[in-house]
$ cat protein_19.csv   # CSV, C-alpha atoms and all ligand atoms
chain,number,residue,atom,x,y,z
C,227,MET,CA,52.6,63.4,121.2
C,228,LYS,CA,55.4,65.7,120.3
C,229,ILE,CA,55.0,69.3,121.4
C,230,THR,CA,55.9,72.0,118.8
C,231,ALA,CA,55.8,75.8,119.0
C,232,ALA,CA,53.2,77.4,116.8
C,233,ILE,CA,52.8,81.0,115.9
C,234,THR,CA,49.3,81.8,117.1
C,235,GLY,CA,49.2,85.6,116.3
C,236,VAL,CA,51.1,88.5,114.8
C,237,GLY,CA,51.4,92.2,115.6
C,238,ALA,CA,53.2,94.9,113.8
C,239,TYR,CA,54.0,98.6,113.9
C,240,VAL,CA,55.8,101.1,111.7
C,241,PRO,CA,56.1,104.8,112.6
C,242,ASP,CA,54.1,107.4,110.7
C,243,TYR,CA,56.9,109.4,109.0
C,244,VAL,CA,57.6,108.1,105.4
C,245,LEU,CA,61.1,108.8,104.0
C,246,THR,CA,60.6,108.6,100.2
C,247,ASN,CA,63.2,108.1,97.5
C,248,LYS,CA,62.4,111.6,96.4
C,249,GLU,CA,63.4,113.0,99.7
C,250,LEU,CA,66.6,110.9,99.7
C,251,VAL,CA,67.6,112.4,96.4
C,252,THR,CA,67.7,115.8,98.3
C,253,LEU,CA,70.1,114.3,100.9
C,254,VAL,CA,72.7,112.3,99.0
C,255,ASP,CA,73.9,111.9,95.4
C,256,THR,CA,71.5,109.3,94.2
C,257,THR,CA,68.5,108.9,91.9
C,258,GLU,CA,65.0,107.3,92.5
C,259,GLU,CA,65.7,105.1,89.5
C,260,TRP,CA,69.0,103.8,91.0
C,261,ILE,CA,67.4,103.0,94.4
C,262,VAL,CA,64.4,101.2,92.9
C,263,SER,CA,66.4,99.2,90.3
C,264,ARG,CA,69.2,98.2,92.7
C,265,THR,CA,67.2,97.5,95.8
C,266,GLY,CA,63.4,97.5,95.1
C,267,ILE,CA,62.9,100.1,97.8
C,268,GLN,CA,60.4,102.9,97.3
C,269,GLU,CA,60.0,104.2,100.8
C,270,ARG,CA,60.7,103.5,104.4
C,271,HIS,CA,59.3,104.6,107.8
C,272,ILE,CA,61.3,106.6,110.3
C,273,LEU,CA,60.7,107.0,114.0
C,274,LYS,CA,61.0,110.8,114.7
C,275,GLY,CA,61.0,112.6,118.0
C,276,GLU,CA,63.3,113.1,121.0
C,277,GLY,CA,63.7,110.2,123.3
C,278,GLN,CA,61.9,107.7,121.1
C,279,GLY,CA,63.7,104.4,121.1
C,280,THR,CA,63.2,101.0,119.5
C,281,SER,CA,61.0,99.9,122.4
C,282,VAL,CA,58.3,102.5,121.4
C,283,MET,CA,57.7,100.4,118.3
C,284,GLY,CA,58.1,97.0,120.0
C,285,ILE,CA,55.5,98.0,122.6
C,286,LYS,CA,53.0,99.0,119.9
C,287,ALA,CA,53.6,95.7,118.1
C,288,VAL,CA,53.1,93.6,121.3
C,289,GLU,CA,50.0,95.6,122.4
C,290,GLN,CA,48.5,94.9,119.0
C,291,LEU,CA,49.4,91.2,119.3
C,292,LEU,CA,47.9,90.9,122.7
C,293,ALA,CA,44.7,92.6,121.5
C,294,LYS,CA,44.4,90.5,118.4
C,295,THR,CA,44.9,87.2,120.1
C,296,GLY,CA,42.9,88.1,123.2
C,297,THR,CA,45.9,87.3,125.4
C,298,ARG,CA,46.3,88.9,128.9
C,299,ALA,CA,49.7,90.4,129.4
C,300,GLU,CA,49.9,88.8,132.8
C,301,ASP,CA,49.8,85.4,131.2
C,302,ILE,CA,53.0,85.8,129.1
C,303,ASP,CA,55.9,83.7,130.4
C,304,LEU,CA,58.8,85.2,128.3
C,305,ILE,CA,59.5,88.1,125.9
C,306,ILE,CA,62.5,87.9,123.7
C,307,CYS,CA,63.4,91.0,121.7
C,308,ALA,CA,65.7,90.7,118.7
C,309,THR,CA,67.2,94.1,118.1
C,310,THR,CA,70.4,95.6,116.9
C,311,THR,CA,69.4,99.1,118.1
C,312,PRO,CA,68.4,98.6,121.7
C,313,ASP,CA,67.1,101.7,123.6
C,314,LEU,CA,70.1,101.4,125.9
C,315,VAL,CA,73.2,99.3,126.1
C,316,PHE,CA,71.5,97.9,129.2
C,317,PRO,CA,68.9,97.1,130.5
C,318,ALA,CA,67.4,95.0,127.7
C,319,THR,CA,64.8,96.6,125.4
C,320,ALA,CA,62.7,93.4,126.1
C,321,ASN,CA,62.6,94.5,129.8
C,322,ILE,CA,61.3,97.9,128.8
C,323,ILE,CA,58.7,96.4,126.5
C,324,SER,CA,57.7,93.9,129.1
C,325,ALA,CA,57.1,96.5,131.8
C,326,ALA,CA,55.2,98.8,129.5
C,327,VAL,CA,52.7,96.2,128.3
C,328,GLY,CA,52.2,94.8,131.9
C,329,ALA,CA,53.8,91.4,131.4
C,330,LYS,CA,54.4,91.1,135.1
C,331,LYS,CA,55.1,87.4,135.2
C,332,ALA,CA,57.4,87.3,132.2
C,333,PHE,CA,61.2,87.3,132.2
C,334,SER,CA,62.6,89.0,129.2
C,335,TYR,CA,65.9,89.5,127.4
C,336,ASP,CA,67.3,90.8,124.1
C,337,MET,CA,69.0,88.8,121.3
C,338,GLN,CA,71.5,90.2,118.9
C,339,ALA,CA,72.2,88.5,115.6
C,340,ALA,CA,71.8,91.5,113.3
C,341,CYS,CA,69.4,90.9,110.4
C,342,SER,CA,69.0,87.2,111.4
C,343,GLY,CA,68.1,88.1,114.9
C,344,PHE,CA,64.3,87.6,114.7
C,345,MET,CA,64.8,84.2,113.1
C,346,PHE,CA,67.3,83.2,115.8
C,347,ALA,CA,65.0,84.5,118.5
C,348,LEU,CA,62.0,82.6,117.1
C,349,ALA,CA,64.0,79.4,117.1
C,350,THR,CA,65.1,80.1,120.7
C,351,GLY,CA,61.7,81.0,121.9
C,352,ALA,CA,60.3,77.8,120.3
C,353,GLN,CA,62.7,75.7,122.4
C,354,PHE,CA,61.1,76.9,125.7
C,355,ILE,CA,57.7,75.7,124.3
C,356,GLN,CA,58.9,72.4,122.8
C,357,THR,CA,60.4,71.4,126.1
C,358,GLY,CA,57.1,72.0,127.9
C,359,THR,CA,58.8,74.7,130.1
C,360,TYR,CA,56.5,77.6,129.0
C,361,THR,CA,53.2,78.0,127.1
C,362,LYS,CA,53.2,81.7,126.1
C,363,VAL,CA,56.3,83.2,124.6
C,364,ILE,CA,56.4,86.5,122.6
C,365,VAL,CA,59.2,87.1,120.2
C,366,VAL,CA,59.7,90.7,119.1
C,367,GLY,CA,61.8,91.9,116.2
C,368,ALA,CA,62.3,95.7,116.3
C,369,ASP,CA,64.8,98.2,115.1
C,370,LYS,CA,65.2,101.9,114.9
C,371,MET,CA,67.9,101.7,112.1
C,372,SER,CA,67.7,105.4,111.5
C,373,SER,CA,69.5,105.9,114.8
C,374,ILE,CA,72.7,104.3,113.4
C,375,ILE,CA,72.5,105.4,109.8
C,376,ASP,CA,74.7,108.0,108.3
C,377,TYR,CA,72.4,110.1,106.1
C,378,THR,CA,75.4,111.4,104.2
C,379,ASP,CA,76.4,107.8,103.1
C,380,ARG,CA,74.4,107.0,99.9
C,381,SER,CA,75.3,103.3,100.0
C,382,THR,CA,73.5,102.6,103.3
C,383,CYS,CA,71.0,105.4,104.0
C,384,ILE,CA,68.8,104.3,101.0
C,385,ILE,CA,68.4,100.8,102.4
C,386,PHE,CA,67.3,101.0,106.0
C,387,GLY,CA,64.1,101.9,107.8
C,388,ASP,CA,62.4,101.6,111.2
C,389,GLY,CA,59.8,99.1,112.3
C,390,ALA,CA,58.7,96.3,114.6
C,391,GLY,CA,56.8,93.1,114.6
C,392,ALA,CA,55.9,90.5,117.3
C,393,VAL,CA,54.6,86.9,117.3
C,394,LEU,CA,53.0,84.8,120.0
C,395,LEU,CA,54.3,81.2,120.3
C,396,GLU,CA,52.1,78.6,122.0
C,397,PRO,CA,52.3,74.8,122.2
C,398,THR,CA,50.5,72.4,119.8
C,399,THR,CA,50.5,68.7,119.3
C,400,ASP,CA,48.9,68.9,115.9
C,401,GLY,CA,52.2,68.8,113.9
C,402,LEU,CA,52.0,72.5,113.2
C,403,GLY,CA,54.5,75.3,114.0
C,404,LEU,CA,58.3,75.2,113.9
C,405,LEU,CA,59.3,71.9,112.4
C,406,ASP,CA,62.9,72.4,111.4
C,407,GLN,CA,65.7,74.9,111.5
C,408,GLN,CA,69.2,75.5,110.2
C,409,LEU,CA,71.0,78.5,111.8
C,410,CYS,CA,74.6,79.5,110.9
C,411,SER,CA,77.2,82.1,112.0
C,412,ASP,CA,80.6,83.1,110.7
C,413,GLY,CA,82.4,85.8,112.6
C,414,ASN,CA,84.8,86.2,109.7
C,415,GLY,CA,82.1,88.4,108.2
C,416,GLU,CA,82.7,91.2,110.7
C,417,PRO,CA,84.9,93.4,108.4
C,418,PHE,CA,82.2,93.7,105.8
C,419,LEU,CA,79.2,94.8,108.0
C,420,HIS,CA,79.6,96.4,111.4
C,421,GLN,CA,79.4,99.5,113.6
C,422,LYS,CA,82.9,100.6,114.5
C,423,ALA,CA,82.3,102.3,117.8
C,424,GLY,CA,80.0,102.4,120.7
C,425,GLY,CA,80.8,99.0,122.1
C,426,SER,CA,83.4,98.0,124.7
C,427,ARG,CA,86.2,97.7,122.1
C,428,ARG,CA,85.8,101.3,121.1
C,429,PRO,CA,83.7,103.2,123.5
C,430,PRO,CA,82.2,106.6,122.5
C,431,SER,CA,84.6,109.4,122.4
C,432,ALA,CA,85.1,112.8,120.7
C,433,GLU,CA,87.3,110.9,118.2
C,434,THR,CA,84.7,108.2,117.4
C,435,LEU,CA,82.1,110.9,116.9
C,436,ALA,CA,84.2,113.0,114.7
C,437,GLY,CA,85.1,109.9,112.7
C,438,ARG,CA,81.4,109.0,112.2
C,439,GLU,CA,82.1,105.6,113.7
C,440,HIS,CA,78.7,105.2,115.3
C,441,PHE,CA,77.0,104.4,112.0
C,442,VAL,CA,76.4,101.2,110.0
C,443,TYR,CA,79.5,100.4,107.9
C,444,GLN,CA,78.8,98.0,105.0
C,445,GLU,CA,80.8,96.8,102.0
C,446,GLY,CA,77.6,96.2,100.1
C,447,ALA,CA,78.8,94.2,97.1
C,448,THR,CA,80.6,91.7,99.3
C,449,VAL,CA,77.7,91.3,101.7
C,450,PHE,CA,75.4,90.9,98.7
C,451,LYS,CA,77.4,88.0,97.3
C,452,PHE,CA,77.5,86.2,100.7
C,453,ALA,CA,73.8,86.9,101.2
C,454,VAL,CA,72.7,85.5,97.8
C,455,LYS,CA,74.7,82.3,98.2
C,456,ASN,CA,74.1,81.5,101.9
C,457,MET,CA,70.4,82.4,102.1
C,458,ALA,CA,69.6,80.5,99.0
C,459,ASP,CA,71.7,77.5,100.0
C,460,VAL,CA,70.3,77.1,103.4
C,461,ALA,CA,66.7,77.5,102.3
C,462,ALA,CA,67.2,74.9,99.6
C,463,GLN,CA,68.8,72.5,102.2
C,464,VAL,CA,65.9,72.9,104.6
C,465,MET,CA,63.5,72.2,101.8
C,466,GLU,CA,65.4,69.1,100.7
C,467,ARG,CA,65.8,67.5,104.0
C,468,ASN,CA,62.1,67.9,104.7
C,469,GLN,CA,61.3,66.5,101.3
C,470,LEU,CA,59.6,69.7,100.3
C,471,THR,CA,59.3,70.6,96.6
C,472,ALA,CA,58.5,74.1,95.4
C,473,ASN,CA,54.9,72.9,95.0
C,474,ASP,CA,54.7,72.0,98.7
C,475,VAL,CA,55.9,75.5,99.8
C,476,ALA,CA,53.1,77.9,100.2
C,477,TRP,CA,55.2,80.9,101.1
C,478,LEU,CA,58.9,82.0,101.2
C,479,VAL,CA,59.3,84.6,104.0
C,480,PRO,CA,62.6,86.2,103.2
C,481,HIS,CA,64.5,88.9,105.1
C,482,GLN,CA,63.9,92.1,103.2
C,483,ALA,CA,67.4,93.4,102.5
C,484,ASN,CA,67.4,93.8,98.7
C,485,LYS,CA,64.8,92.6,96.2
C,486,ARG,CA,67.6,91.1,94.1
C,487,ILE,CA,68.7,88.9,97.0
C,488,ILE,CA,65.1,87.8,97.5
C,489,ASP,CA,64.6,87.0,93.8
C,490,ALA,CA,67.8,85.0,93.8
C,491,THR,CA,66.7,82.9,96.8
C,492,ALA,CA,63.3,82.3,95.4
C,493,HIS,CA,64.8,81.3,92.0
C,494,ARG,CA,67.2,78.8,93.7
C,495,MET,CA,64.2,77.3,95.6
C,496,GLY,CA,62.2,77.1,92.4
C,497,VAL,CA,59.5,79.2,94.0
C,498,GLY,CA,57.5,81.6,91.9
C,499,PRO,CA,57.1,85.3,92.8
C,500,GLU,CA,53.4,84.7,93.7
C,501,LYS,CA,54.6,82.7,96.7
C,502,VAL,CA,57.2,85.2,98.0
C,503,MET,CA,56.3,87.7,100.8
C,504,LEU,CA,57.5,91.1,99.7
C,505,ASN,CA,57.2,94.5,101.4
C,506,ILE,CA,60.7,95.9,101.0
C,507,HIS,CA,59.2,98.6,98.7
C,508,ARG,CA,57.3,100.0,101.6
C,509,TYR,CA,59.6,99.6,104.5
C,510,GLY,CA,63.1,99.0,103.3
C,511,ASN,CA,65.4,96.9,105.5
C,512,THR,CA,64.1,97.1,109.0
C,513,THR,CA,66.7,94.5,110.2
C,514,ASN,CA,64.9,92.6,112.9
C,515,GLY,CA,61.5,93.9,111.8
C,516,THR,CA,61.4,92.5,108.3
C,517,ILE,CA,60.1,88.9,108.9
C,518,PRO,CA,57.4,89.7,111.4
C,519,LEU,CA,56.3,92.7,109.3
C,520,CYS,CA,56.0,90.3,106.3
C,521,LEU,CA,53.9,87.8,108.4
C,522,ALA,CA,51.7,90.7,109.5
C,523,ASP,CA,51.2,92.0,106.0
C,524,TYR,CA,50.4,88.6,104.6
C,525,GLU,CA,48.5,87.2,107.6
C,526,SER,CA,45.1,87.4,105.9
C,527,GLN,CA,46.4,85.2,103.0
C,528,LEU,CA,47.8,82.5,105.2
C,529,HIS,CA,46.0,79.2,105.9
C,530,LYS,CA,46.3,76.5,108.6
C,531,GLY,CA,48.7,73.9,107.3
C,532,ASP,CA,50.6,76.2,104.9
C,533,ASN,CA,54.3,75.4,104.6
C,534,LEU,CA,56.4,78.5,105.2
C,535,ILE,CA,60.1,78.7,104.6
C,536,ILE,CA,61.7,81.6,106.5
C,537,ALA,CA,65.2,82.7,105.4
C,538,ALA,CA,67.5,85.5,106.4
C,539,PHE,CA,71.1,86.8,106.2
C,540,GLY,CA,72.8,89.5,108.1
C,541,GLY,CA,75.8,91.0,109.9
C,542,GLY,CA,78.1,88.6,111.7
C,543,PHE,CA,77.7,87.0,109.3
C,544,THR,CA,74.6,85.2,110.5
C,545,TRP,CA,72.1,83.3,108.4
C,546,GLY,CA,69.7,80.5,108.3
C,547,SER,CA,66.3,79.1,107.4
C,548,LEU,CA,63.3,77.8,109.4
C,549,TYR,CA,60.5,75.5,108.2
C,550,LEU,CA,57.2,76.0,109.8
C,551,LYS,CA,53.6,75.0,109.3
C,552,TRP,CA,51.2,77.9,109.7
C,553,ALA,CA,48.8,77.2,112.6
C,554,TYR,CA,45.6,79.2,111.9
C,555,ASP,CA,43.3,80.8,109.3
C,556,ALA,CA,43.1,84.6,109.8
C,557,LYS,CA,39.8,86.0,111.1
C,558,PRO,CA,37.9,87.8,108.3
C,559,SER,CA,38.8,91.2,109.8
C,560,GLN,CA,42.5,90.5,109.7
C,601,LIG,O1,70.4,93.1,105.7
C,601,LIG,C1,71.7,92.8,106.1
C,601,LIG,C2,72.6,92.4,105.0
C,601,LIG,N1,72.7,93.4,104.0
C,601,LIG,C3,72.5,93.2,102.8
C,601,LIG,O2,72.0,92.1,102.4
C,601,LIG,C4,72.8,94.2,101.7
C,601,LIG,C5,73.5,93.6,100.6
C,601,LIG,N2,74.0,94.6,99.6
C,601,LIG,C6,73.2,95.3,98.8
C,601,LIG,O3,72.0,95.3,98.9
C,601,LIG,C7,73.8,96.1,97.7
C,601,LIG,O4,75.2,95.8,97.7
C,601,LIG,C8,73.7,97.7,97.8
C,601,LIG,C9,72.3,98.1,97.6
C,601,LIG,C10,74.2,98.1,99.2
C,601,LIG,C11,74.5,98.3,96.8
C,601,LIG,O5,74.2,97.9,95.5
C,601,LIG,P1,75.3,97.3,94.5
C,601,LIG,O6,74.6,97.0,93.2
C,601,LIG,O7,76.0,96.2,95.2
C,601,LIG,O8,76.3,98.5,94.3
C,601,LIG,P2,77.8,98.6,94.6
C,601,LIG,O9,78.1,98.8,96.1
C,601,LIG,O10,78.6,97.5,93.9
C,601,LIG,O11,78.1,100.0,93.9
C,601,LIG,C12,78.0,100.1,92.5
C,601,LIG,C13,78.1,101.6,92.1
C,601,LIG,C14,79.3,102.3,92.8
C,601,LIG,O12,79.7,103.3,91.9
C,601,LIG,P3,81.1,103.0,91.0
C,601,LIG,O13,82.2,102.8,92.0
C,601,LIG,O14,80.7,101.8,90.2
C,601,LIG,O15,81.2,104.3,90.3
C,601,LIG,C15,78.6,103.0,94.0
C,601,LIG,O16,79.3,104.2,94.4
C,601,LIG,O17,76.9,102.3,92.6
C,601,LIG,C16,77.3,103.4,93.4
C,601,LIG,N3,76.3,103.7,94.4
C,601,LIG,C17,75.2,104.4,94.2
C,601,LIG,N4,74.8,105.2,93.1
C,601,LIG,C18,73.7,105.9,93.2
C,601,LIG,C19,76.2,103.1,95.7
C,601,LIG,N5,75.1,103.6,96.3
C,601,LIG,C20,74.5,104.4,95.4
C,601,LIG,C21,73.3,105.2,95.4
C,601,LIG,N6,73.0,105.9,94.3
C,601,LIG,N7,72.5,105.2,96.5

$ encode --input "protein_19.csv" --output "C-alpha cells" --more "lines below"
Ligand code: UT7
Amino acid sequence: MKITAAITGVGAYVPDYVLTNKELVTLVDTTEEWIVSRTGIQERHILKGEGQGTSVMGIKAVEQLLAKTGTRAEDIDLIICATTTPDLVFPATANIISAAVGAKKAFSYDMQAACSGFMFALATGAQFIQTGTYTKVIVVGADKMSSIIDYTDRSTCIIFGDGAGAVLLEPTTDGLGLLDQQLCSDGNGEPFLHQKAGGSRRPPSAETLAGREHFVYQEGATVFKFAVKNMADVAAQVMERNQLTANDVAWLVPHQANKRIIDATAHRMGVGPEKVMLNIHRYGNTTNGTIPLCLADYESQLHKGDNLIIAAFGGGFTWGSLYLKWAYDAKPSQ
C-alpha cells in the first residue's frame, strides 16, 4: 500500500497589534478605499517589541499544534521552517523553534522560497514521510514581514503583515494527504521582487542603511501580472492531470497576496468564491504564513476526503500548486 503524507493538525498564531488601513493613512499617502479596492486588505497584525523575531510566532503556532493534536514534542522527527525573515542569518529559525518547544529528537532547518516557501516546505516534508523515513514532520510557515518593510513606501507597506502557521504531517495508506505537486522557479524574476542588501552580495553597511536597501523592493504591477498567469496556470494544470473538475474541488487554498490575484486564479479554475479560502482582509500578506493561516481559519469547515488545491506565487520567482485530500474532520471545539 502506498504511503502518503497527510496533514493531521494545524496550529496558528498572529500577534496582537492590529495595523489598520486607517492608521496607514496617517503614515503614507494613501486612502482606505485604495487599499481595499486594489488589494482586499483591511488590517494586518504586527509583532511589536524589542528582540521579538519570527520564531516567537512560529513557537506559538507549533505549541498550539502539539496541544491540539495531543502530540509530544519529543516524538517529532523533523521541523522545517519556511521563512523569508529568519531571526538570524544563522542558525536556522527552525532550530530556535525546535529547542523552544522541546523537540529534542528532531533535526530542523529553514527553507527560503519567498511566498511559495510554505508550499515548497510542505512538499519537501511530505517526501520524508512518503519514503517511510519519518512519521512525524512539522512544517512551519512564519514571517515577521514588518521587519523588512519600509513604512514610507506606500506600494509595499499596505500589503504585508506578520503571522505564522504550522501543520503536522503523518503517514497514511488511505489515499489521503498530498497526492500531486507542481513546483516551479524562475530566477529571472529577481529584479522585480527582492531585498537589495543584507545578504552576502551586499552586506550591511552605512551606505546600504542610508539607501534604505534592507527593505522589500517590489515592482508591483509586473509581479501582479506574473502571479495571475502562473498561479492560475499551474493550479489548472494540477486539476487537469488529476481529472478534477471544479465540482470535485472542495477548496482552493491560495497564497494571500492580493484579492484580485486570488479571484483571477479561482475564475481560471472555474471555482466559485464559496470554495475559496480567504483571510487577506484580516492579515494581509504574511508571506510564508498565508497558507497555514488559511487552513487554521477554515479547519472547522474541512471534511475528511475534501479535495484541496493549494496555489502560491512569490519572489524568485517561485510558484506552484499542490493537490491534497484532507485527512480528518475537525473536532466540534475546533
Ligand atoms: O506575495 C508575493 C508576490 N507579490 C504579489 O503578488 C503582489 C502583486 N502586486 C500587487 O498586489 C499590486 O501590484 C499592488 C497592490 C502592489 C499595487 O497595485 P496596482 O494596482 O498594481 O498598482 P500600480 O503599482 O500599478 O500603481 C498604480 C497607481 C500608481 O500611481 P500612478 O503612477 O498611476 O499615478 C501608484 O503610485 O497607484 C499608485 N499607488 C498607490 N496609490 C494609493 C501605489 N500604491 C498606492 C497606495 N495608495 N498605497

$ closest_atom_pairs --input "protein_19.csv" --of "region 423-527 of chain C" --to "region 232-241 of chain C" --cutoff "12 Å" --atoms "all atoms listed in the file" --output "tab-separated table"
residue	atom	partner	partner_atom	distance
C:Arg508	CA	C:Val240	CA	10.3
C:Tyr509	CA	C:Val240	CA	8.3
C:Gly510	CA	C:Val240	CA	11.3
C:Thr512	CA	C:Val240	CA	9.6
C:Asn514	CA	C:Ala238	CA	12.0
C:Gly515	CA	C:Ala238	CA	8.6
C:Thr516	CA	C:Ala238	CA	10.2
C:Ile517	CA	C:Ala238	CA	10.4
C:Pro518	CA	C:Ala238	CA	7.1
C:Leu519	CA	C:Ala238	CA	5.9
C:Cys520	CA	C:Ala238	CA	9.2
C:Leu521	CA	C:Val236	CA	7.0
C:Ala522	CA	C:Val236	CA	5.8
C:Asp523	CA	C:Ala238	CA	8.6
C:Tyr524	CA	C:Val236	CA	10.2
C:Glu525	CA	C:Val236	CA	7.8
C:Ser526	CA	C:Val236	CA	10.8

$ write_last_selection --input "protein_19.csv" --atoms "C-alpha atoms" --output "compact mmCIF listing (two decimals), keeping the file's coordinate frame"
# COMPACT_ATOMS: atom_id res chain seq x y z
CA ARG C 508 57.30 100.00 101.60
CA TYR C 509 59.60 99.60 104.50
CA GLY C 510 63.10 99.00 103.30
CA THR C 512 64.10 97.10 109.00
CA ASN C 514 64.90 92.60 112.90
CA GLY C 515 61.50 93.90 111.80
CA THR C 516 61.40 92.50 108.30
CA ILE C 517 60.10 88.90 108.90
CA PRO C 518 57.40 89.70 111.40
CA LEU C 519 56.30 92.70 109.30
CA CYS C 520 56.00 90.30 106.30
CA LEU C 521 53.90 87.80 108.40
CA ALA C 522 51.70 90.70 109.50
CA ASP C 523 51.20 92.00 106.00
CA TYR C 524 50.40 88.60 104.60
CA GLU C 525 48.50 87.20 107.60
CA SER C 526 45.10 87.40 105.90

$ closest_residue --input "protein_19.csv" --among "C:Asn484, C:Thr230, C:Asn505, C:Thr448" --to "Gly358 (chain C)" --atoms "only C-alpha atoms"
C:Thr230

$ residues_around --input "protein_19.csv" --residues "Tyr443 (chain C)" --least-positions-apart "2" --cutoff "8 Å" --atoms "only C-alpha atoms" --output "ChimeraX atom specification"
/C:382,418-422,441,445

$ residues_near_ligand --input "protein_19.csv" --ligand "ligand LIG 601 (chain C)" --cutoff "7 Å" --atoms "all atoms listed in the file" --output "ChimeraX atom specification"
/C:255-257,260-261,264-265,341,380-382,384-385,445-450,453,483-484,511,513,539-541

$ atom_distance --input "protein_19.csv" --atom1 "CA of Thr297 (chain C)" --atom2 "CA of Gly351 (chain C)"
17.4 Å

$ residues_around --input "protein_19.csv" --residues "Lys485 (chain C)" --least-positions-apart "2" --cutoff "10 Å" --atoms "all atoms listed in the file" --output "list of chain:residue names"
C:Val262, C:Ser263, C:Arg264, C:Thr265, C:Gly266, C:Ile267, C:Pro480, C:His481, C:Gln482, C:Ala483, C:Ile487, C:Ile488, C:Asp489, C:Ala490, C:Thr491, C:Leu504, C:Asn505, C:Ile506, C:His507, C:Gly510

$ atom_distance --input "protein_19.csv" --atom1 "CA of Leu478 (chain C)" --atom2 "CA of Ala537 (chain C)"
7.6 Å

$ residues_around --input "protein_19.csv" --residues "Met465 (chain C)" --least-positions-apart "5" --cutoff "8 Å" --atoms "only C-alpha atoms" --output "list in words"
Leu470, Thr471, Ile535 and Tyr549 of chain C

$ write_last_selection --input "protein_19.csv" --atoms "C-alpha atoms" --output "tab-separated table (two decimals), in the coordinates of the input"
chain	number	residue	atom	x	y	z
C	470	LEU	CA	59.60	69.70	100.30
C	471	THR	CA	59.30	70.60	96.60
C	535	ILE	CA	60.10	78.70	104.60
C	549	TYR	CA	60.50	75.50	108.20

$ closest_residue --input "protein_19.csv" --among "C:Thr295, C:Gln278, C:Thr434, C:Gln353" --to "Gly403 (chain C)" --atoms "all atoms listed in the file"
C:Gln353

$ residues_around --input "protein_19.csv" --residues "region 344-349 of chain C" --least-positions-apart "2" --cutoff "7 Å" --atoms "all atoms listed in the file" --output "ChimeraX atom specification"
/C:306,308,337,342,351-353,365,367,514

$ closest_residue --input "protein_19.csv" --among "C:Phe333, C:Thr378, C:Gln356, C:Met457" --to "Phe543 (chain C)" --atoms "all atoms listed in the file"
C:Met457

$ residues_near_point --input "protein_19.csv" --point "(61.7, 98.1, 113.3)" --cutoff "6 Å" --atoms "only C-alpha atoms" --output "PyMOL selection string"
chain C and resi 368-370+388-390+512+515

$ closest_residue --input "protein_19.csv" --among "C:Ile364, C:Gly343, C:Asn473, C:Pro429" --to "Ala538 (chain C)" --atoms "all atoms listed in the file"
C:Gly343

$ residues_around --input "protein_19.csv" --residues "Ala553 (chain C)" --least-positions-apart "3" --cutoff "12 Å" --atoms "all atoms listed in the file" --output "mmCIF file with C-alpha atoms, keeping the file's coordinate frame"
data_model
loop_
_atom_site.group_PDB
_atom_site.id
_atom_site.type_symbol
_atom_site.label_atom_id
_atom_site.label_comp_id
_atom_site.auth_asym_id
_atom_site.auth_seq_id
_atom_site.Cartn_x
_atom_site.Cartn_y
_atom_site.Cartn_z
ATOM 1 C CA THR C 230 55.900 72.000 118.800
ATOM 2 C CA ALA C 231 55.800 75.800 119.000
ATOM 3 C CA ALA C 232 53.200 77.400 116.800
ATOM 4 C CA ILE C 233 52.800 81.000 115.900
ATOM 5 C CA THR C 234 49.300 81.800 117.100
ATOM 6 C CA GLY C 235 49.200 85.600 116.300
ATOM 7 C CA VAL C 236 51.100 88.500 114.800
ATOM 8 C CA LEU C 394 53.000 84.800 120.000
ATOM 9 C CA LEU C 395 54.300 81.200 120.300
ATOM 10 C CA GLU C 396 52.100 78.600 122.000
ATOM 11 C CA PRO C 397 52.300 74.800 122.200
ATOM 12 C CA THR C 398 50.500 72.400 119.800
ATOM 13 C CA THR C 399 50.500 68.700 119.300
ATOM 14 C CA ASP C 400 48.900 68.900 115.900
ATOM 15 C CA GLY C 401 52.200 68.800 113.900
ATOM 16 C CA LEU C 402 52.000 72.500 113.200
ATOM 17 C CA GLY C 403 54.500 75.300 114.000
ATOM 18 C CA LEU C 404 58.300 75.200 113.900
ATOM 19 C CA LEU C 405 59.300 71.900 112.400
ATOM 20 C CA GLU C 525 48.500 87.200 107.600
ATOM 21 C CA LEU C 528 47.800 82.500 105.200
ATOM 22 C CA HIS C 529 46.000 79.200 105.900
ATOM 23 C CA LYS C 530 46.300 76.500 108.600
ATOM 24 C CA GLY C 531 48.700 73.900 107.300
ATOM 25 C CA ASP C 532 50.600 76.200 104.900
ATOM 26 C CA ASN C 533 54.300 75.400 104.600
ATOM 27 C CA LEU C 534 56.400 78.500 105.200
ATOM 28 C CA LEU C 550 57.200 76.000 109.800
ATOM 29 C CA ALA C 556 43.100 84.600 109.800
#

$ closest_residue --input "protein_19.csv" --among "C:Ala436, C:Val479, C:Leu409, C:Leu250" --to "Gln463 (chain C)" --atoms "only C-alpha atoms"
C:Leu409
